[in-house]
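work10.cif follows; it contains mmCIF, C-alpha atoms.
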```
data_upload
loop_
_atom_site.label_atom_id
_atom_site.label_comp_id
_atom_site.auth_asym_id
_atom_site.auth_seq_id
_atom_site.Cartn_x
_atom_site.Cartn_y
_atom_site.Cartn_z
CA MET A 1 -44.97 3.94 -34.51
CA LYS A 2 -47.13 6.22 -32.51
CA PRO A 3 -46.28 8.09 -29.34
CA ALA A 4 -47.35 6.45 -26.13
CA GLU A 5 -46.53 6.85 -22.46
CA TYR A 6 -44.10 9.31 -21.00
CA TYR A 7 -40.90 7.92 -19.54
CA MET A 8 -41.14 7.25 -15.86
CA ARG A 9 -40.19 10.34 -13.88
CA ASP A 10 -36.77 9.67 -12.36
CA ARG A 11 -37.50 10.61 -8.78
CA GLN A 12 -33.89 10.00 -7.76
CA HIS A 13 -32.99 12.92 -10.02
CA HIS A 14 -35.41 15.26 -8.20
CA ALA A 15 -35.41 16.42 -4.61
CA PRO A 16 -37.14 14.03 -2.22
CA ALA A 17 -40.27 15.41 -0.57
CA LEU A 18 -38.68 15.46 2.87
CA THR A 19 -35.59 17.69 2.94
CA PRO A 20 -35.04 18.77 6.57
CA ASP A 21 -32.54 21.55 5.79
CA TYR A 22 -35.41 23.23 3.92
CA LYS A 23 -37.55 23.42 7.02
CA THR A 24 -40.94 24.04 5.44
CA SER A 25 -40.76 20.64 3.74
CA LEU A 26 -40.94 18.89 7.11
CA THR A 27 -44.70 19.32 7.45
CA ARG A 28 -45.48 19.52 3.72
CA SER A 29 -44.09 16.15 2.62
CA PRO A 30 -46.25 13.03 2.29
CA GLN A 31 -45.16 10.17 4.54
CA TYR A 32 -46.79 7.37 2.59
CA ALA A 33 -45.54 6.06 -0.73
CA LEU A 34 -46.90 7.62 -3.90
CA LEU A 35 -49.13 5.39 -5.98
CA SER A 36 -47.26 4.87 -9.25
CA LEU A 37 -49.54 4.81 -12.30
CA GLU A 38 -48.97 3.83 -15.87
CA ASN A 39 -50.25 6.66 -18.05
CA SER A 40 -53.86 6.82 -19.13
CA LEU A 41 -55.55 9.45 -21.27
CA SER A 42 -55.77 11.61 -18.13
CA GLU A 43 -51.99 11.95 -17.95
CA ILE A 44 -50.95 12.08 -21.61
CA THR A 45 -53.29 15.00 -22.28
CA GLY A 46 -52.97 18.50 -20.83
CA PRO A 47 -54.04 22.08 -21.42
CA VAL A 48 -53.47 23.62 -24.84
CA PHE A 49 -52.73 27.34 -25.14
CA SER A 50 -52.49 29.71 -28.06
CA HIS A 51 -51.03 33.13 -28.75
CA ASN A 52 -54.52 34.53 -28.15
CA ASP A 53 -54.06 33.76 -24.46
CA ILE A 54 -51.17 36.20 -24.09
CA ASP A 55 -49.92 39.60 -25.27
CA PRO A 56 -46.76 40.02 -27.35
CA LEU A 57 -45.25 42.23 -24.61
CA ASP A 58 -45.79 39.62 -21.90
CA ASN A 59 -42.23 38.29 -22.34
CA ASP A 60 -40.59 41.71 -21.87
CA LEU A 61 -40.34 42.39 -18.14
CA ILE A 62 -38.47 45.63 -18.81
CA LYS A 63 -41.56 47.06 -20.54
CA ASN A 64 -44.56 45.06 -19.34
CA TYR A 65 -45.00 47.00 -16.11
CA SER A 66 -43.40 50.30 -17.17
CA HIS A 67 -44.89 53.31 -15.44
CA GLY A 68 -42.98 55.96 -17.34
CA GLY A 69 -39.52 54.41 -17.16
CA ASP A 70 -37.46 51.27 -17.14
CA PRO A 71 -36.74 49.17 -14.04
CA ILE A 72 -33.44 49.52 -12.19
CA GLY A 73 -30.96 46.69 -12.65
CA GLU A 74 -28.73 44.73 -14.94
CA ARG A 75 -30.55 44.26 -18.25
CA ILE A 76 -30.54 40.62 -19.26
CA ILE A 77 -31.95 38.27 -21.89
CA VAL A 78 -32.90 34.77 -20.81
CA HIS A 79 -33.37 32.37 -23.67
CA GLY A 80 -33.21 28.72 -24.62
CA HIS A 81 -35.13 25.74 -25.84
CA VAL A 82 -37.74 23.59 -24.17
CA LEU A 83 -36.79 20.02 -25.05
CA ASP A 84 -37.85 16.58 -23.96
CA GLU A 85 -35.59 13.77 -22.77
CA ASN A 86 -35.30 12.56 -26.37
CA ALA A 87 -33.79 15.99 -27.21
CA GLN A 88 -36.88 16.76 -29.29
CA PRO A 89 -38.19 20.35 -29.16
CA VAL A 90 -41.42 21.01 -27.28
CA PRO A 91 -43.21 23.53 -29.53
CA ASN A 92 -46.10 25.88 -28.72
CA THR A 93 -45.93 25.38 -25.00
CA MET A 94 -46.49 28.03 -22.36
CA VAL A 95 -43.51 29.22 -20.32
CA GLU A 96 -44.20 31.52 -17.36
CA ILE A 97 -41.65 33.23 -15.12
CA TRP A 98 -41.64 35.32 -11.96
CA GLN A 99 -38.86 36.92 -9.97
CA ALA A 100 -37.75 39.55 -7.46
CA ASN A 101 -36.52 42.93 -8.66
CA ALA A 102 -32.84 43.95 -8.78
CA GLY A 103 -32.90 44.66 -5.05
CA GLY A 104 -34.27 41.23 -4.18
CA ARG A 105 -37.82 42.45 -3.43
CA TYR A 106 -40.95 40.83 -4.80
CA ARG A 107 -44.00 42.79 -5.83
CA HIS A 108 -46.19 40.76 -3.49
CA LYS A 109 -48.32 41.88 -0.60
CA LYS A 110 -46.78 39.19 1.59
CA ASP A 111 -43.16 40.24 0.93
CA THR A 112 -41.92 42.63 3.62
CA TYR A 113 -38.18 42.67 2.84
CA LEU A 114 -36.75 46.15 3.36
CA ALA A 115 -35.42 46.52 -0.18
CA PRO A 116 -37.75 48.83 -2.13
CA ILE A 117 -40.38 47.95 -4.70
CA ASP A 118 -39.42 49.16 -8.18
CA PRO A 119 -42.29 51.23 -9.62
CA ASN A 120 -41.44 50.05 -13.14
CA PHE A 121 -41.09 46.36 -12.43
CA GLY A 122 -43.88 43.82 -12.02
CA GLY A 123 -41.69 40.74 -12.05
CA CYS A 124 -43.69 38.30 -14.13
CA GLY A 125 -43.81 37.29 -17.76
CA ARG A 126 -44.97 34.55 -20.07
CA THR A 127 -44.45 33.39 -23.61
CA MET A 128 -45.08 30.47 -25.95
CA THR A 129 -42.25 28.43 -27.43
CA ASP A 130 -42.01 28.57 -31.22
CA ALA A 131 -42.04 25.59 -33.60
CA ASP A 132 -38.45 24.77 -32.57
CA GLY A 133 -39.21 24.91 -28.86
CA TYR A 134 -37.35 28.22 -28.55
CA TYR A 135 -38.31 30.95 -26.07
CA TYR A 136 -36.86 34.19 -24.77
CA PHE A 137 -37.51 36.83 -22.15
CA ARG A 138 -36.01 40.25 -21.48
CA THR A 139 -35.80 41.30 -17.84
CA VAL A 140 -33.43 42.62 -15.18
CA LYS A 141 -31.25 40.32 -13.14
CA PRO A 142 -32.96 39.63 -9.80
CA GLY A 143 -31.15 40.35 -6.55
CA ALA A 144 -30.37 37.87 -3.80
CA TYR A 145 -32.54 38.17 -0.71
CA PRO A 146 -32.71 36.81 2.83
CA TRP A 147 -35.35 34.30 3.90
CA ARG A 148 -36.37 32.71 7.13
CA ASN A 149 -34.97 29.21 7.46
CA TRP A 150 -31.82 29.32 9.51
CA VAL A 151 -30.92 32.74 10.95
CA ASN A 152 -28.88 33.88 7.98
CA ASN A 153 -30.06 32.20 4.76
CA TRP A 154 -29.93 34.01 1.41
CA ARG A 155 -31.52 32.86 -1.79
CA PRO A 156 -29.18 33.03 -4.78
CA ALA A 157 -30.45 35.26 -7.58
CA HIS A 158 -33.11 33.20 -9.31
CA ILE A 159 -36.07 33.26 -11.67
CA HIS A 160 -39.00 30.90 -11.12
CA VAL A 161 -39.96 29.03 -14.30
CA SER A 162 -43.24 27.21 -14.98
CA VAL A 163 -43.64 24.99 -18.05
CA PHE A 164 -46.63 22.97 -19.23
CA GLY A 165 -45.36 20.73 -22.02
CA ALA A 166 -47.88 18.75 -24.02
CA ALA A 167 -49.31 16.66 -21.19
CA PHE A 168 -50.27 16.97 -17.54
CA ALA A 169 -47.50 14.41 -16.88
CA GLN A 170 -44.91 16.95 -18.10
CA ARG A 171 -46.00 19.83 -15.86
CA LEU A 172 -42.99 21.34 -14.14
CA ILE A 173 -41.97 24.27 -11.99
CA THR A 174 -38.28 24.91 -11.46
CA GLN A 175 -35.90 27.78 -10.69
CA LEU A 176 -33.21 29.30 -12.88
CA TYR A 177 -29.92 30.31 -11.20
CA PHE A 178 -27.01 32.26 -12.64
CA GLU A 179 -23.58 30.86 -13.47
CA GLY A 180 -20.93 31.74 -10.92
CA ASP A 181 -23.24 32.67 -8.03
CA PRO A 182 -21.52 31.62 -4.77
CA LEU A 183 -24.88 31.45 -2.97
CA ILE A 184 -25.97 28.42 -5.04
CA ALA A 185 -23.80 26.08 -2.98
CA LYS A 186 -25.13 27.52 0.29
CA CYS A 187 -28.86 27.48 -0.45
CA PRO A 188 -30.91 24.78 1.31
CA ILE A 189 -33.58 24.98 -1.43
CA VAL A 190 -31.11 24.44 -4.28
CA GLN A 191 -29.41 21.71 -2.29
CA THR A 192 -32.63 19.72 -1.88
CA VAL A 193 -31.62 18.29 -5.27
CA PRO A 194 -29.21 15.50 -4.42
CA ASP A 195 -27.18 15.29 -7.63
CA ALA A 196 -24.59 17.95 -8.57
CA ALA A 197 -25.14 17.42 -12.30
CA ALA A 198 -28.87 17.88 -11.77
CA ILE A 199 -28.26 21.18 -9.98
CA GLU A 200 -26.06 22.26 -12.88
CA GLN A 201 -29.10 21.86 -15.17
CA MET A 202 -30.74 24.69 -13.25
CA VAL A 203 -27.82 27.11 -13.74
CA ALA A 204 -28.16 29.45 -16.72
CA LYS A 205 -24.92 30.01 -18.61
CA LEU A 206 -23.49 33.35 -19.66
CA ASP A 207 -23.98 33.62 -23.43
CA MET A 208 -21.83 36.40 -24.86
CA ASN A 209 -22.78 35.68 -28.46
CA THR A 210 -26.44 36.41 -27.80
CA SER A 211 -25.70 39.47 -25.66
CA ILE A 212 -26.60 42.78 -27.27
CA PRO A 213 -23.54 45.07 -27.22
CA LEU A 214 -24.01 48.23 -25.12
CA ASP A 215 -27.48 46.99 -24.09
CA SER A 216 -28.12 43.56 -22.49
CA ILE A 217 -26.24 40.49 -21.26
CA ALA A 218 -27.66 37.11 -22.27
CA TYR A 219 -28.01 33.87 -20.30
CA ARG A 220 -28.89 30.55 -21.86
CA PHE A 221 -31.29 28.21 -20.10
CA ASP A 222 -32.55 25.05 -21.75
CA ILE A 223 -35.43 23.28 -20.03
CA VAL A 224 -35.91 19.52 -20.32
CA LEU A 225 -39.33 17.91 -19.84
CA ARG A 226 -40.09 14.22 -19.63
CA GLY A 227 -39.63 12.26 -22.82
CA ARG A 228 -41.99 9.88 -24.46
CA ARG A 229 -41.87 6.37 -25.76
CA SER A 230 -42.79 5.27 -29.22
CA THR A 231 -44.83 2.13 -29.43
CA LEU A 232 -42.92 -0.65 -31.11
CA PHE A 233 -45.67 -3.05 -30.20
CA GLU A 234 -49.24 -2.39 -29.23
CA ASN A 235 -49.11 -1.40 -25.59
CA ARG A 236 -52.84 -1.26 -25.16
CA LEU A 237 -52.83 2.25 -23.74
CA GLU A 238 -56.19 2.96 -25.33
CA GLY A 239 -57.63 -0.44 -24.76
CA ASN A 240 -59.02 -3.29 -26.86
CA MET B 1 -27.81 4.86 -24.02
CA GLU B 2 -27.78 8.58 -23.28
CA TYR B 3 -30.95 10.54 -22.90
CA LEU B 4 -31.36 14.05 -21.60
CA LYS B 5 -32.57 14.22 -18.02
CA GLU B 6 -35.63 16.15 -16.92
CA THR B 7 -34.79 19.52 -15.37
CA PRO B 8 -35.14 19.11 -11.61
CA SER B 9 -38.22 20.58 -9.98
CA GLN B 10 -37.93 23.29 -7.35
CA THR B 11 -40.55 24.63 -5.00
CA ALA B 12 -42.97 27.20 -6.36
CA GLY B 13 -42.20 29.24 -3.24
CA PRO B 14 -44.39 31.66 -1.31
CA TYR B 15 -44.64 34.20 -4.13
CA VAL B 16 -45.98 31.88 -6.83
CA HIS B 17 -48.92 34.28 -7.21
CA ILE B 18 -46.73 36.94 -8.84
CA GLY B 19 -46.17 34.75 -11.83
CA LEU B 20 -49.31 32.66 -12.03
CA ALA B 21 -51.98 34.79 -10.32
CA PRO B 22 -50.62 38.37 -10.13
CA LYS B 23 -53.91 39.94 -9.06
CA ALA B 24 -53.71 37.89 -5.88
CA ALA B 25 -50.16 39.18 -5.34
CA GLY B 26 -51.64 42.68 -5.45
CA PHE B 27 -51.17 44.01 -8.98
CA ASP B 28 -52.73 44.00 -12.40
CA ILE B 29 -50.39 43.32 -15.31
CA PHE B 30 -51.82 40.89 -17.86
CA LYS B 31 -54.75 41.43 -20.20
CA GLN B 32 -56.11 38.13 -18.93
CA GLU B 33 -55.00 35.75 -16.24
CA LEU B 34 -55.13 32.11 -17.20
CA GLY B 35 -57.14 29.32 -15.69
CA TRP B 36 -60.10 31.06 -14.06
CA ASP B 37 -62.62 29.59 -16.52
CA ILE B 38 -62.36 25.81 -16.81
CA ALA B 39 -65.50 24.87 -18.70
CA GLY B 40 -66.52 27.99 -20.65
CA PRO B 41 -70.10 29.10 -21.32
CA ASN B 42 -71.13 26.34 -23.72
CA ALA B 43 -70.20 23.20 -21.83
CA ALA B 44 -72.91 20.61 -21.34
CA GLY B 45 -73.40 18.78 -18.08
CA GLU B 46 -74.02 19.64 -14.47
CA ARG B 47 -72.53 22.91 -13.24
CA ILE B 48 -70.69 22.31 -9.99
CA ARG B 49 -68.40 24.06 -7.57
CA VAL B 50 -65.46 22.29 -5.97
CA GLU B 51 -64.09 23.60 -2.69
CA GLY B 52 -61.60 22.48 -0.14
CA CYS B 53 -58.63 23.15 2.01
CA VAL B 54 -55.10 21.79 2.00
CA TYR B 55 -53.72 20.82 5.41
CA ASP B 56 -50.12 20.31 6.46
CA GLY B 57 -48.75 17.62 8.76
CA THR B 58 -49.66 19.62 11.87
CA GLY B 59 -53.28 19.94 10.73
CA ALA B 60 -52.97 23.62 9.87
CA PRO B 61 -54.40 24.93 6.59
CA VAL B 62 -51.76 25.69 3.98
CA LYS B 63 -52.41 29.27 2.87
CA ASP B 64 -49.99 29.63 -0.01
CA VAL B 65 -51.02 26.75 -2.26
CA LEU B 66 -51.52 26.93 -6.00
CA LEU B 67 -53.67 24.17 -7.38
CA GLU B 68 -54.30 23.22 -11.00
CA ALA B 69 -57.15 21.10 -12.30
CA TRP B 70 -57.30 19.06 -15.52
CA GLN B 71 -60.50 17.32 -16.53
CA ALA B 72 -62.61 15.93 -19.33
CA ASN B 73 -65.97 17.40 -20.31
CA ALA B 74 -69.32 15.81 -19.47
CA ASP B 75 -68.88 13.38 -22.37
CA GLY B 76 -65.51 12.27 -21.06
CA HIS B 77 -63.52 14.04 -23.78
CA TYR B 78 -60.30 15.89 -23.05
CA ALA B 79 -59.63 19.13 -24.96
CA HIS B 80 -56.39 17.82 -26.39
CA PRO B 81 -55.28 16.38 -29.75
CA GLU B 82 -54.34 13.03 -28.18
CA ASP B 83 -58.01 12.58 -27.33
CA GLY B 84 -59.12 13.97 -30.65
CA ARG B 85 -62.84 14.04 -29.96
CA ASP B 86 -64.82 17.27 -29.96
CA VAL B 87 -65.40 19.41 -26.92
CA GLU B 88 -67.68 22.42 -26.61
CA ASP B 89 -66.36 25.73 -27.93
CA GLY B 90 -64.61 27.44 -25.01
CA PHE B 91 -64.10 24.27 -23.00
CA ARG B 92 -60.41 24.03 -22.01
CA GLY B 93 -60.75 21.66 -19.08
CA TRP B 94 -57.91 23.31 -17.20
CA GLY B 95 -58.03 25.65 -14.26
CA ARG B 96 -55.79 27.25 -11.71
CA VAL B 97 -56.74 28.53 -8.27
CA ILE B 98 -54.98 29.74 -5.17
CA THR B 99 -55.97 29.46 -1.56
CA ASP B 100 -57.34 32.36 0.44
CA PHE B 101 -54.44 33.96 2.34
CA ASP B 102 -56.45 34.03 5.59
CA THR B 103 -58.47 30.82 5.57
CA GLY B 104 -56.66 28.49 3.18
CA LEU B 105 -59.91 27.75 1.35
CA TRP B 106 -59.79 27.24 -2.42
CA GLY B 107 -62.56 26.65 -4.93
CA PHE B 108 -63.41 26.58 -8.61
CA ASP B 109 -66.50 26.37 -10.79
CA THR B 110 -66.70 23.82 -13.56
CA VAL B 111 -68.88 21.06 -15.01
CA LYS B 112 -68.91 17.54 -13.71
CA PRO B 113 -66.74 15.39 -15.99
CA GLY B 114 -67.90 12.14 -17.56
CA THR B 115 -66.22 8.76 -17.51
CA THR B 116 -62.98 8.47 -19.47
CA SER B 117 -61.19 5.58 -21.08
CA GLY B 118 -58.49 3.94 -19.01
CA ARG B 119 -55.78 1.51 -19.97
CA ASN B 120 -56.51 -1.93 -21.35
CA GLY B 121 -60.11 -1.21 -22.19
CA THR B 122 -61.08 -0.13 -18.69
CA THR B 123 -63.32 2.79 -17.87
CA GLN B 124 -62.23 5.42 -15.38
CA ALA B 125 -64.87 6.86 -13.10
CA PRO B 126 -65.43 10.62 -13.47
CA HIS B 127 -62.51 12.46 -11.92
CA ILE B 128 -60.58 15.71 -11.92
CA ASN B 129 -56.79 15.50 -12.02
CA LEU B 130 -55.12 17.84 -9.54
CA TRP B 131 -51.60 19.23 -9.23
CA ILE B 132 -50.58 21.01 -6.05
CA VAL B 133 -47.55 23.24 -5.55
CA ALA B 134 -46.53 25.46 -2.65
CA ARG B 135 -43.64 26.61 -0.54
CA GLY B 136 -42.10 23.52 1.04
CA ILE B 137 -43.26 21.18 -1.74
CA ASN B 138 -40.18 20.31 -3.78
CA LEU B 139 -41.97 18.48 -6.58
CA GLY B 140 -45.62 19.14 -7.42
CA LEU B 141 -48.07 16.67 -5.87
CA ASN B 142 -50.49 14.88 -8.19
CA THR B 143 -53.76 13.45 -7.04
CA ARG B 144 -57.30 12.86 -8.32
CA LEU B 145 -60.72 13.99 -7.15
CA TYR B 146 -63.59 11.52 -7.56
CA PHE B 147 -67.29 12.10 -6.75
CA ASP B 148 -69.21 10.40 -3.94
CA ASP B 149 -72.43 10.16 -5.98
CA CYS B 150 -70.77 8.26 -8.84
CA ASP B 151 -70.11 4.54 -9.09
CA ASN B 152 -66.40 4.36 -8.34
CA SER B 153 -66.32 0.62 -7.70
CA ALA B 154 -64.63 -0.36 -10.97
CA ASP B 155 -62.21 2.56 -11.25
CA PRO B 156 -58.79 1.11 -12.12
CA VAL B 157 -56.85 3.75 -10.18
CA LEU B 158 -58.88 3.69 -6.97
CA ASN B 159 -58.71 -0.09 -7.02
CA LEU B 160 -54.91 0.04 -7.06
CA ILE B 161 -54.90 1.57 -3.59
CA GLU B 162 -54.00 -1.33 -1.37
CA GLN B 163 -55.40 0.03 1.90
CA THR B 164 -59.02 0.28 0.88
CA HIS B 165 -59.92 2.88 3.51
CA ARG B 166 -57.45 5.29 1.94
CA ARG B 167 -59.51 5.35 -1.28
CA GLN B 168 -61.87 7.67 0.59
CA THR B 169 -59.19 10.37 0.59
CA LEU B 170 -59.80 10.85 -3.14
CA ILE B 171 -63.59 11.13 -2.98
CA ALA B 172 -65.30 14.52 -2.77
CA THR B 173 -68.60 14.85 -0.90
CA ARG B 174 -71.62 16.42 -2.53
CA HIS B 175 -73.66 19.22 -0.93
CA GLU B 176 -76.67 20.98 -2.41
CA ASP B 177 -78.21 24.25 -1.34
CA SER B 178 -79.92 27.26 -2.91
CA LYS B 179 -76.64 28.35 -4.54
CA GLY B 180 -76.16 25.05 -6.32
CA VAL B 181 -74.04 21.94 -6.09
CA THR B 182 -70.74 21.99 -4.23
CA TYR B 183 -68.30 19.14 -3.76
CA ARG B 184 -65.96 19.36 -0.78
CA PHE B 185 -62.47 17.97 -1.24
CA ASP B 186 -59.89 18.44 1.49
CA VAL B 187 -56.29 17.46 0.92
CA HIS B 188 -54.08 16.27 3.78
CA ILE B 189 -50.47 16.47 2.68
CA GLN B 190 -49.13 14.49 5.60
CA GLY B 191 -50.20 12.52 8.64
CA THR B 192 -53.65 11.44 9.77
CA GLY B 193 -55.90 10.89 6.79
CA GLU B 194 -53.05 11.57 4.38
CA THR B 195 -54.32 11.94 0.83
CA VAL B 196 -53.18 9.36 -1.69
CA PHE B 197 -50.76 11.10 -4.03
CA LEU B 198 -49.91 9.78 -7.45
CA ASP B 199 -46.66 9.23 -9.29
CA ILE B 200 -47.92 9.78 -12.83
#
```
Using structure tokens, write down the structure that the file contains.
Amino acid sequence: MKPAEYYMRDRQHHAPALTPDYKTSLTRSPQYALLSLENSLSEITGPVFSHNDIDPLDNDLIKNYSHGGDPIGERIIVHGHVLDENAQPVPNTMVEIWQANAGGRYRHKKDTYLAPIDPNFGGCGRTMTDADGYYYFRTVKPGAYPWRNWVNNWRPAHIHVSVFGAAFAQRLITQLYFEGDPLIAKCPIVQTVPDAAAIEQMVAKLDMNTSIPLDSIAYRFDIVLRGRRSTLFENRLEGN
Amino acid sequence: MEYLKETPSQTAGPYVHIGLAPKAAGFDIFKQELGWDIAGPNAAGERIRVEGCVYDGTGAPVKDVLLEAWQANADGHYAHPEDGRDVEDGFRGWGRVITDFDTGLWGFDTVKPGTTSGRNGTTQAPHINLWIVARGINLGLNTRLYFDDCDNSADPVLNLIEQTHRRQTLIATRHEDSKGVTYRFDVHIQGTGETVFLDI
């Protein structure tokens, strides 16, 4: 058997494009049906990265923008595996994250929230999964912050996560939330996802056993990318 | 039969630049940002620039888009083990650009790709695969860019588009001047002239 197409993306498991409670989606959602394609070489390939593309410190957000000190905030470890829908690890794939600081402020020239910038916190990191699909970051827990949607909307604490996988068909950006956050249920962006179990996949779980005593609290966050068929019979992906 | 389910997508949000293009967010943190050099110095083929704008359903340019490109080299080879054929040293075939915060214009330099093999023995016309994320887009939008000076008549994907006039939304237009060759490719997320988006 050889690997072939990726499983169809289950679009009922994702947010639809048009989600009126998240107002910006109203004018940024296609109205016509997507054209559904069976995979060709263009979709089952995708960019390949190596450790030469990044620095070892890139996954340590407590140190990677230090200007003489550590950032303010709750020190946390975020770790887990990147898997596919067959529960197989996705090794050597790039994982990138970005987030607000502990006060809920982004280091971004377009963010004008009144909470202060932290001089020792950039708010972005990246790493490669190992042979088992495992990854980890060290950072500070981001703060909640207000955003313009309704008059009084607050984003739950979250970390943006970007994953490549092995193919352009697996490319994914999601957000990581934190177990127990009461803002999750109130957030129009989280709630674009229609299924409660699907939302639960985006909630990182407190992981006491991985926490470092007297130092950092750990959260576990496994990421699942699309799985892949094996060819039982020739499916003529490559032709002939 | 139980399988794991894909983690749901969420919008990249307005501050996507912090993570994926921090210099654009206003700070310098990484030794090298990824995706600014698609073809590398050794790639064969015609050097081109691709430019465009992404428009929302009101016709306004979207100024916080991040766009990724994935393409084969001039011989039609992808830099990936599933393709398995050689590419030039330094050719990755992948790029990442953001739109200008004021104008919404984006652009990247690359080489024009060659034809690639499609399913069932077909040949795909030269194209660049695109993935578009932004605030307000819940799940990244996939599309393809084809070239108006290539023969696209037998392309198996373009020919799947039932309303034939909509095929034009995937075809970039060539311009030449003293600076070189530029293809213009505008994306309309919604409404009049809506781009054909792909469920890959």
Give me the chain B side of the contact with chain A, cut-off 6 Å, one line per residue showing its nearest atom pair and distance in Å at one decimal, counting all atoms listed in the file, sorted by chain and residue number, as JSON lines.
```
{"residue": "B:Tyr3", "atom": "CA", "partner": "A:Glu85", "partner_atom": "CA", "distance": 5.7}
{"residue": "B:Leu4", "atom": "CA", "partner": "A:Glu85", "partner_atom": "CA", "distance": 4.4}
{"residue": "B:Lys5", "atom": "CA", "partner": "A:Glu85", "partner_atom": "CA", "distance": 5.6}
{"residue": "B:Glu6", "atom": "CA", "partner": "A:Val224", "partner_atom": "CA", "distance": 4.8}
{"residue": "B:Thr7", "atom": "CA", "partner": "A:Val224", "partner_atom": "CA", "distance": 5.1}
{"residue": "B:Pro8", "atom": "CA", "partner": "A:His14", "partner_atom": "CA", "distance": 5.2}
{"residue": "B:Ser9", "atom": "CA", "partner": "A:Thr174", "partner_atom": "CA", "distance": 4.6}
{"residue": "B:Gln10", "atom": "CA", "partner": "A:Thr174", "partner_atom": "CA", "distance": 4.4}
{"residue": "B:Gly19", "atom": "CA", "partner": "A:Trp98", "partner_atom": "CA", "distance": 4.6}
{"residue": "B:Ala25", "atom": "CA", "partner": "A:His108", "partner_atom": "CA", "distance": 4.7}
{"residue": "B:Gly26", "atom": "CA", "partner": "A:Lys109", "partner_atom": "CA", "distance": 5.9}
{"residue": "B:Asp56", "atom": "CA", "partner": "A:Arg28", "partner_atom": "CA", "distance": 5.4}
{"residue": "B:Gly57", "atom": "CA", "partner": "A:Thr27", "partner_atom": "CA", "distance": 4.6}
{"residue": "B:His80", "atom": "CA", "partner": "A:Thr45", "partner_atom": "CA", "distance": 5.9}
{"residue": "B:Trp94", "atom": "CA", "partner": "A:Pro47", "partner_atom": "CA", "distance": 5.9}
{"residue": "B:Gly118", "atom": "CA", "partner": "A:Ser40", "partner_atom": "CA", "distance": 5.5}
{"residue": "B:Arg119", "atom": "CA", "partner": "A:Leu237", "partner_atom": "CA", "distance": 4.8}
{"residue": "B:Asn120", "atom": "CA", "partner": "A:Gly239", "partner_atom": "CA", "distance": 3.9}
{"residue": "B:Gly121", "atom": "CA", "partner": "A:Gly239", "partner_atom": "CA", "distance": 3.7}
{"residue": "B:Gly136", "atom": "CA", "partner": "A:Ser25", "partner_atom": "CA", "distance": 4.2}
{"residue": "B:Asn138", "atom": "CA", "partner": "A:Ala17", "partner_atom": "CA", "distance": 5.9}
{"residue": "B:Ile189", "atom": "CA", "partner": "A:Pro30", "partner_atom": "CA", "distance": 5.5}
{"residue": "B:Gln190", "atom": "CA", "partner": "A:Pro30", "partner_atom": "CA", "distance": 4.6}
{"residue": "B:Phe197", "atom": "CA", "partner": "A:Leu34", "partner_atom": "CA", "distance": 5.2}
{"residue": "B:Leu198", "atom": "CA", "partner": "A:Leu35", "partner_atom": "CA", "distance": 4.7}
{"residue": "B:Asp199", "atom": "CA", "partner": "A:Ser36", "partner_atom": "CA", "distance": 4.4}
{"residue": "B:Ile200", "atom": "CA", "partner": "A:Leu37", "partner_atom": "CA", "distance": 5.3}
```
The PyMOL selection byres ((chain B and resi 12) around 6) on the file shown: which residues, as a compact mmCIF listing (two decimals) with C-alpha atoms, in the coordinates of the input?
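After the write, part15.txt holds the following:
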```
# COMPACT_ATOMS: atom_id res chain seq x y z
CA THR B 11 -40.55 24.63 -5.00
CA GLY B 13 -42.20 29.24 -3.24
CA VAL B 16 -45.98 31.88 -6.83
CA ALA B 134 -46.53 25.46 -2.65
CA ARG B 135 -43.64 26.61 -0.54
```
Mind checking which residues fall within 6 Å of range 108-115 of chain B, counting only C-alpha atoms, ignoring those fewer than 5 positions away in the same chain, and posting them as a compact mmCIF listing (two decimals) with C-alpha atoms, keeping the file's coordinate frame?
```txt
# COMPACT_ATOMS: atom_id res chain seq x y z
CA ILE B 38 -62.36 25.81 -16.81
CA ALA B 39 -65.50 24.87 -18.70
CA GLY B 45 -73.40 18.78 -18.08
CA GLU B 46 -74.02 19.64 -14.47
CA ARG B 47 -72.53 22.91 -13.24
CA ILE B 48 -70.69 22.31 -9.99
CA ARG B 49 -68.40 24.06 -7.57
CA VAL B 50 -65.46 22.29 -5.97
CA ALA B 72 -62.61 15.93 -19.33
CA ASN B 73 -65.97 17.40 -20.31
CA ALA B 74 -69.32 15.81 -19.47
CA ASP B 75 -68.88 13.38 -22.37
CA GLY B 76 -65.51 12.27 -21.06
CA GLN B 124 -62.23 5.42 -15.38
CA ALA B 125 -64.87 6.86 -13.10
CA PRO B 126 -65.43 10.62 -13.47
```
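CA of Asp155 in chain B to CA of Thr99 in chain B spans 29.3 Å [interatomic distance, one decimal].
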Exercise. May I ask for the distance between CA of Val196 in chain B and CA of Tyr183 in chain B, given in Å to one decimal place?
Key: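 Interatomic distance, CA of Val196 in chain B to CA of Tyr183 in chain B: 18.1 Å.
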Quiz prompt | For Gly69 in chain A: contacts at 12 Å, only C-alpha atoms, fewer than 6 positions along chain excluded, given as a list of chain:residue names | solution = A:Ile62, A:Lys63, A:Asp118, A:Pro119, A:Asn120, A:Phe121
Using the chain letters and numbers from the file, give me the residues hit by the PyMOL selection byres ((chain B and resi 156) around 8), as a compact mmCIF listing (two decimals) with C-alpha atoms, in the frame of the given file.
```
# COMPACT_ATOMS: atom_id res chain seq x y z
CA GLY B 118 -58.49 3.94 -19.01
CA THR B 122 -61.08 -0.13 -18.69
CA THR B 123 -63.32 2.79 -17.87
CA GLN B 124 -62.23 5.42 -15.38
CA ALA B 154 -64.63 -0.36 -10.97
CA ASP B 155 -62.21 2.56 -11.25
CA VAL B 157 -56.85 3.75 -10.18
CA LEU B 158 -58.88 3.69 -6.97
CA ASN B 159 -58.71 -0.09 -7.02
CA LEU B 160 -54.91 0.04 -7.06
```
